[in-house]
>>> print(open('entry_37.pdb').read())   # PDB, C-alpha atoms, pLDDT in the B column
ATOM      1  CA  MET A 689      94.656 100.008  76.996  1.00 49.00           C
ATOM      2  CA  GLU A 690      96.873 103.009  77.637  1.00 63.00           C
ATOM      3  CA  ASN A 691      99.326 103.284  80.507  1.00 84.00           C
ATOM      4  CA  CYS A 692      97.171 105.131  83.017  1.00 94.00           C
ATOM      5  CA  VAL A 693      96.294 105.514  86.708  1.00 97.00           C
ATOM      6  CA  TYR A 694      92.669 106.168  87.602  1.00 98.00           C
ATOM      7  CA  ILE A 695      91.371 108.123  90.584  1.00 97.00           C
ATOM      8  CA  ILE A 696      87.701 107.624  91.432  1.00 97.00           C
ATOM      9  CA  SER A 697      86.481 110.233  93.901  1.00 95.00           C
ATOM     10  CA  GLY A 698      83.253 111.662  95.253  1.00 92.00           C
ATOM     11  CA  PRO A 699      81.337 111.974  98.505  1.00 87.00           C
ATOM     12  CA  PRO A 700      80.877 109.028 100.877  1.00 83.00           C
ATOM     13  CA  GLY A 701      78.170 106.660  99.660  1.00 83.00           C
ATOM     14  CA  VAL A 702      78.269 107.742  96.011  1.00 90.00           C
ATOM     15  CA  GLY A 703      79.543 104.378  94.728  1.00 91.00           C
ATOM     16  CA  LYS A 704      83.314 104.847  94.463  1.00 94.00           C
ATOM     17  CA  SER A 705      84.047 101.283  95.559  1.00 94.00           C
ATOM     18  CA  SER A 706      81.526  99.748  93.177  1.00 95.00           C
ATOM     19  CA  VAL A 707      82.720 101.787  90.189  1.00 97.00           C
ATOM     20  CA  SER A 708      86.388 101.192  91.044  1.00 97.00           C
ATOM     21  CA  ASN A 709      85.896  97.435  91.262  1.00 97.00           C
ATOM     22  CA  GLU A 710      83.935  97.298  88.001  1.00 97.00           C
ATOM     23  CA  LEU A 711      86.616  99.367  86.275  1.00 97.00           C
ATOM     24  CA  ALA A 712      89.350  97.093  87.645  1.00 97.00           C
ATOM     25  CA  TYR A 713      87.728  94.032  86.063  1.00 97.00           C
ATOM     26  CA  MET A 714      88.062  95.651  82.640  1.00 96.00           C
ATOM     27  CA  PHE A 715      91.837  95.053  82.760  1.00 96.00           C
ATOM     28  CA  SER A 716      93.725  91.775  82.663  1.00 95.00           C
ATOM     29  CA  LYS A 717      95.917  92.920  85.590  1.00 96.00           C
ATOM     30  CA  SER A 718      94.614  95.584  87.950  1.00 97.00           C
ATOM     31  CA  ALA A 719      94.469  96.649  91.583  1.00 97.00           C
ATOM     32  CA  VAL A 720      92.179  98.931  93.540  1.00 98.00           C
ATOM     33  CA  ILE A 721      93.832 101.003  96.245  1.00 98.00           C
ATOM     34  CA  GLU A 722      91.193 101.803  98.860  1.00 96.00           C
ATOM     35  CA  GLY A 723      92.180 105.201 100.228  1.00 95.00           C
ATOM     36  CA  ASP A 724      90.327 104.679 103.510  1.00 92.00           C
ATOM     37  CA  MET A 725      92.468 101.639 104.285  1.00 94.00           C
ATOM     38  CA  ILE A 726      95.674 103.563 103.594  1.00 95.00           C
ATOM     39  CA  TYR A 727      94.669 106.640 105.612  1.00 92.00           C
ATOM     40  CA  LEU A 728      93.253 104.594 108.507  1.00 90.00           C
ATOM     41  CA  MET A 729      96.251 102.258 108.874  1.00 93.00           C
ATOM     42  CA  ILE A 730      97.569 104.783 111.419  1.00 91.00           C
ATOM     43  CA  LYS A 731      96.003 104.099 114.800  1.00 90.00           C
ATOM     44  CA  GLY A 732      97.708 106.111 117.545  1.00 91.00           C
ATOM     45  CA  GLY A 733      97.494 109.858 116.963  1.00 89.00           C
ATOM     46  CA  LEU A 734      95.307 109.678 113.870  1.00 86.00           C
ATOM     47  CA  VAL A 735      92.999 112.625 113.241  1.00 87.00           C
ATOM     48  CA  ALA A 736      90.070 112.872 110.867  1.00 85.00           C
ATOM     49  CA  PRO A 737      91.173 113.976 107.373  1.00 84.00           C
ATOM     50  CA  TRP A 738      89.226 117.227 107.671  1.00 82.00           C
ATOM     51  CA  GLU A 739      91.080 118.017 110.936  1.00 87.00           C
ATOM     52  CA  ASP A 740      94.533 117.109 109.584  1.00 88.00           C
ATOM     53  CA  ASP A 741      97.074 119.933 109.265  1.00 90.00           C
ATOM     54  CA  GLY A 742      98.568 118.096 106.292  1.00 89.00           C
ATOM     55  CA  TYR A 743     100.869 115.731 108.189  1.00 93.00           C
ATOM     56  CA  TYR A 744      98.796 112.579 107.681  1.00 93.00           C
ATOM     57  CA  MET A 745      97.585 113.550 104.212  1.00 91.00           C
ATOM     58  CA  ASP A 746     101.216 113.974 103.137  1.00 93.00           C
ATOM     59  CA  LEU A 747     101.963 110.518 104.536  1.00 94.00           C
ATOM     60  CA  PHE A 748      98.839 109.201 102.772  1.00 94.00           C
ATOM     61  CA  TRP A 749     100.129 110.392  99.385  1.00 95.00           C
ATOM     62  CA  ASP A 750     103.635 109.037 100.053  1.00 95.00           C
ATOM     63  CA  ASN A 751     102.073 105.632 100.768  1.00 97.00           C
ATOM     64  CA  ILE A 752      99.729 105.802  97.754  1.00 97.00           C
ATOM     65  CA  ILE A 753     102.646 106.718  95.478  1.00 97.00           C
ATOM     66  CA  SER A 754     104.814 103.883  96.842  1.00 97.00           C
ATOM     67  CA  ILE A 755     102.095 101.293  96.291  1.00 98.00           C
ATOM     68  CA  THR A 756     101.239 102.739  92.878  1.00 97.00           C
ATOM     69  CA  ASN A 757     104.895 102.631  91.865  1.00 97.00           C
ATOM     70  CA  ASN A 758     105.195  98.960  92.886  1.00 97.00           C
ATOM     71  CA  LEU A 759     102.076  98.038  90.917  1.00 97.00           C
ATOM     72  CA  ILE A 760     103.095 100.001  87.814  1.00 96.00           C
ATOM     73  CA  ASP A 761     106.508  98.304  87.877  1.00 95.00           C
ATOM     74  CA  ARG A 762     104.631  95.021  87.528  1.00 96.00           C
ATOM     75  CA  ASN A 763     102.393  96.301  84.693  1.00 95.00           C
ATOM     76  CA  ILE A 764      99.300  96.352  86.903  1.00 96.00           C
ATOM     77  CA  THR A 765      96.684  99.014  86.206  1.00 97.00           C
ATOM     78  CA  VAL A 766      96.035 101.121  89.303  1.00 98.00           C
ATOM     79  CA  ILE A 767      92.661 102.471  90.423  1.00 98.00           C
ATOM     80  CA  ILE A 768      92.654 104.686  93.530  1.00 98.00           C
ATOM     81  CA  GLU A 769      89.338 105.270  95.266  1.00 97.00           C
ATOM     82  CA  TYR A 770      89.011 107.911  97.971  1.00 94.00           C
ATOM     83  CA  VAL A 771      87.419 111.282  98.671  1.00 90.00           C
ATOM     84  CA  ILE A 772      90.057 113.376  96.912  1.00 88.00           C
ATOM     85  CA  PHE A 773      89.794 117.003  95.909  1.00 82.00           C
ATOM     86  CA  GLU A 774      91.579 118.138  92.755  1.00 81.00           C
ATOM     87  CA  GLU A 775      94.031 120.345  94.679  1.00 82.00           C
ATOM     88  CA  GLN A 776      95.152 117.270  96.686  1.00 86.00           C
ATOM     89  CA  ILE A 777      96.447 115.304  93.694  1.00 90.00           C
ATOM     90  CA  LYS A 778      99.494 117.478  92.968  1.00 91.00           C
ATOM     91  CA  LYS A 779     101.978 114.989  94.441  1.00 92.00           C
ATOM     92  CA  ILE A 780     100.733 111.985  92.474  1.00 94.00           C
ATOM     93  CA  LYS A 781     100.406 114.051  89.288  1.00 94.00           C
ATOM     94  CA  GLU A 782     104.085 115.010  89.554  1.00 94.00           C
ATOM     95  CA  PHE A 783     105.082 111.391  90.181  1.00 95.00           C
ATOM     96  CA  LEU A 784     103.074 110.127  87.206  1.00 95.00           C
ATOM     97  CA  GLN A 785     104.371 112.858  84.898  1.00 95.00           C
ATOM     98  CA  LYS A 786     107.950 111.807  85.682  1.00 95.00           C
ATOM     99  CA  ARG A 787     107.014 108.230  84.779  1.00 94.00           C
ATOM    100  CA  GLN A 788     105.119 109.446  81.685  1.00 95.00           C
ATOM    101  CA  ILE A 789     101.885 107.876  82.888  1.00 96.00           C
ATOM    102  CA  LYS A 790      98.510 109.502  82.343  1.00 96.00           C
ATOM    103  CA  LEU A 791      96.118 110.268  85.189  1.00 95.00           C
ATOM    104  CA  LYS A 792      92.366 110.010  84.762  1.00 96.00           C
ATOM    105  CA  TYR A 793      90.471 111.698  87.600  1.00 95.00           C
ATOM    106  CA  CYS A 794      86.740 111.088  87.921  1.00 95.00           C
ATOM    107  CA  VAL A 795      84.362 112.555  90.499  1.00 94.00           C
ATOM    108  CA  LEU A 796      81.094 110.683  91.029  1.00 94.00           C
ATOM    109  CA  LEU A 797      78.007 112.604  92.116  1.00 91.00           C
ATOM    110  CA  ALA A 798      74.565 111.619  93.415  1.00 79.00           C
ATOM    111  CA  GLU A 799      71.454 113.302  94.740  1.00 82.00           C
ATOM    112  CA  GLU A 800      71.620 114.272  98.421  1.00 80.00           C
ATOM    113  CA  HIS A 801      68.735 111.979  99.390  1.00 80.00           C
ATOM    114  CA  THR A 802      70.493 109.014  97.735  1.00 74.00           C
ATOM    115  CA  LEU A 803      73.687 109.705  99.681  1.00 72.00           C
ATOM    116  CA  LYS A 804      71.722 109.957 102.950  1.00 76.00           C
ATOM    117  CA  GLU A 805      69.932 106.641 102.274  1.00 79.00           C
ATOM    118  CA  ARG A 806      73.214 104.884 101.537  1.00 72.00           C
ATOM    119  CA  ASP A 807      74.817 106.391 104.628  1.00 72.00           C
ATOM    120  CA  LEU A 808      71.969 105.162 106.840  1.00 75.00           C
ATOM    121  CA  SER A 809      72.385 101.630 105.484  1.00 74.00           C
ATOM    122  CA  ARG A 810      75.962 101.481 106.828  1.00 67.00           C
ATOM    123  CA  LYS A 811      77.048 100.419 110.289  1.00 63.00           C
ATOM    124  CA  GLU A 812      76.789 103.344 112.695  1.00 61.00           C
ATOM    125  CA  ILE A 813      80.578 103.561 113.130  1.00 50.00           C
ATOM    126  CA  GLU A 814      80.971 104.006 109.334  1.00 57.00           C
ATOM    127  CA  ARG A 815      78.368 106.734 108.888  1.00 57.00           C
ATOM    128  CA  THR A 816      79.277 110.245 107.924  1.00 63.00           C
TER     129      THR A 816
END
>>> encode(input="entry_37.pdb", output="structure tokens")
Amino acid sequence: MENCVYIISGPPGVGKSSVSNELAYMFSKSAVIEGDMIYLMIKGGLVAPWEDDGYYMDLFWDNIISITNNLIDRNITVIIEYVIFEEQIKKIKEFLQKRQIKLKYCVLLAEEHTLKERDLSRKEIERT
């Protein structure tokens, strides 16, 4: 398959993790970068992404790019899953263009009632 990085986005509970994992198994060497784990590695001082003035989101993309770079250097296909809006992917697009690697950006959608049902099935601390 082509040299490509995949971003799977969409609202919480839409199935990003499931789709990302299924996609990853289509490649002989692949990795899924779970955006929540990268963003939430900061403990002291962390703010919710929607309250961030850009400081932590900038750090998030620096970390995502570093990990992506390491994986690409080892010929591992990268799938990034996180709630990402198109205007937020500028940094990684620039990085990938320099490396002449394509970006495929997919946004998953679901009916509101489906998202609410999935959200209620999560632990209370994980609900949105």
>>> resolve_selection(input="entry_37.pdb", expression="the PyMOL selection byres ((chain A and resi 705-713) around 9)", output="PyMOL selection string")
chain A and resi 694-696+701-704+714-720+722+765-770
>>> write_last_selection(input="entry_37.pdb", atoms="C-alpha atoms", output="CSV table (one decimal), in the frame of the given file")
chain,number,residue,atom,x,y,z
A,694,TYR,CA,92.7,106.2,87.6
A,695,ILE,CA,91.4,108.1,90.6
A,696,ILE,CA,87.7,107.6,91.4
A,701,GLY,CA,78.2,106.7,99.7
A,702,VAL,CA,78.3,107.7,96.0
A,703,GLY,CA,79.5,104.4,94.7
A,704,LYS,CA,83.3,104.8,94.5
A,714,MET,CA,88.1,95.7,82.6
A,715,PHE,CA,91.8,95.1,82.8
A,716,SER,CA,93.7,91.8,82.7
A,717,LYS,CA,95.9,92.9,85.6
A,718,SER,CA,94.6,95.6,88.0
A,719,ALA,CA,94.5,96.6,91.6
A,720,VAL,CA,92.2,98.9,93.5
A,722,GLU,CA,91.2,101.8,98.9
A,765,THR,CA,96.7,99.0,86.2
A,766,VAL,CA,96.0,101.1,89.3
A,767,ILE,CA,92.7,102.5,90.4
A,768,ILE,CA,92.7,104.7,93.5
A,769,GLU,CA,89.3,105.3,95.3
A,770,TYR,CA,89.0,107.9,98.0
>>> atom_distance(input="entry_37.pdb", atom1="atom CA of A:Ile721", atom2="atom CA of A:Ile760")
12.6 Å
>>> atom_distance(input="entry_37.pdb", atom1="atom CA of A:Lys786", atom2="atom CA of A:Phe773")
21.5 Å
>>> residues_around(input="entry_37.pdb", residues="A:Ile726", least_positions_apart="2", cutoff="12 Å", atoms="only C-alpha atoms", output="list of chain:residue names")
A:Val720, A:Ile721, A:Glu722, A:Gly723, A:Asp724, A:Leu728, A:Met729, A:Ile730, A:Lys731, A:Leu734, A:Pro737, A:Tyr744, A:Met745, A:Asp746, A:Leu747, A:Phe748, A:Trp749, A:Asp750, A:Asn751, A:Ile752, A:Ile753, A:Ser754, A:Ile755, A:Ile768, A:Glu769, A:Tyr770
>>> atom_distance(input="entry_37.pdb", atom1="atom CA of A:Trp738", atom2="atom CA of A:Lys778")
17.9 Å
>>> axis_aligned_box(input="entry_37.pdb", around="stretch 757-767 of chain A", padding_each_side="6 Å", output="JSON")
{"center_x": 99.6, "center_y": 98.8, "center_z": 88.8, "size_x": 25.8, "size_y": 19.6, "size_z": 20.2}
>>> closest_residue(input="entry_37.pdb", among="A:Pro699, A:Asp740, A:Ile764, A:Cys692", to="A:Leu803", atoms="all atoms listed in the file")
A:Pro699
>>> resolve_selection(input="entry_37.pdb", expression="the PyMOL selection byres ((chain A and resi 789) around 12)", output="short mmCIF file (atom, residue, chain, number, x, y, z; two decimals) with C-alpha atoms, in the coordinates of the input")
data_model
loop_
_atom_site.label_atom_id
_atom_site.label_comp_id
_atom_site.auth_asym_id
_atom_site.auth_seq_id
_atom_site.Cartn_x
_atom_site.Cartn_y
_atom_site.Cartn_z
CA GLU A 690 96.87 103.01 77.64
CA ASN A 691 99.33 103.28 80.51
CA CYS A 692 97.17 105.13 83.02
CA VAL A 693 96.29 105.51 86.71
CA TYR A 694 92.67 106.17 87.60
CA THR A 756 101.24 102.74 92.88
CA ASN A 757 104.90 102.63 91.86
CA ILE A 760 103.10 100.00 87.81
CA ASP A 761 106.51 98.30 87.88
CA ASN A 763 102.39 96.30 84.69
CA THR A 765 96.68 99.01 86.21
CA VAL A 766 96.04 101.12 89.30
CA ILE A 780 100.73 111.98 92.47
CA LYS A 781 100.41 114.05 89.29
CA GLU A 782 104.08 115.01 89.55
CA PHE A 783 105.08 111.39 90.18
CA LEU A 784 103.07 110.13 87.21
CA GLN A 785 104.37 112.86 84.90
CA LYS A 786 107.95 111.81 85.68
CA ARG A 787 107.01 108.23 84.78
CA GLN A 788 105.12 109.45 81.68
CA LYS A 790 98.51 109.50 82.34
CA LEU A 791 96.12 110.27 85.19
CA LYS A 792 92.37 110.01 84.76
#
>>> decode(input="entry_37.pdb", residues="stretch 725-742 of chain A", atoms="C-alpha atoms", output="JSON list (two decimals), in the first residue's frame")
[["chain", "number", "residue", "atom", "x", "y", "z"],
["A", 725, "MET", "CA", -3.31, 9.08, 25.67],
["A", 726, "ILE", "CA", -0.94, 11.65, 24.18],
["A", 727, "TYR", "CA", -2.99, 14.68, 25.27],
["A", 728, "LEU", "CA", -3.69, 13.27, 28.75],
["A", 729, "MET", "CA", -0.08, 12.30, 29.54],
["A", 730, "ILE", "CA", 0.22, 15.77, 31.11],
["A", 731, "LYS", "CA", -1.10, 15.67, 34.66],
["A", 732, "GLY", "CA", -0.26, 18.87, 36.53],
["A", 733, "GLY", "CA", -1.73, 21.96, 34.89],
["A", 734, "LEU", "CA", -3.64, 20.13, 32.18],
["A", 735, "VAL", "CA", -6.80, 21.79, 30.90],
["A", 736, "ALA", "CA", -9.58, 20.31, 28.80],
["A", 737, "PRO", "CA", -8.83, 20.59, 25.06],
["A", 738, "TRP", "CA", -11.78, 22.93, 24.54],
["A", 739, "GLU", "CA", -10.39, 25.25, 27.26],
["A", 740, "ASP", "CA", -6.81, 25.18, 25.96],
["A", 741, "ASP", "CA", -5.38, 28.45, 24.61],
["A", 742, "GLY", "CA", -3.27, 26.40, 22.20]]
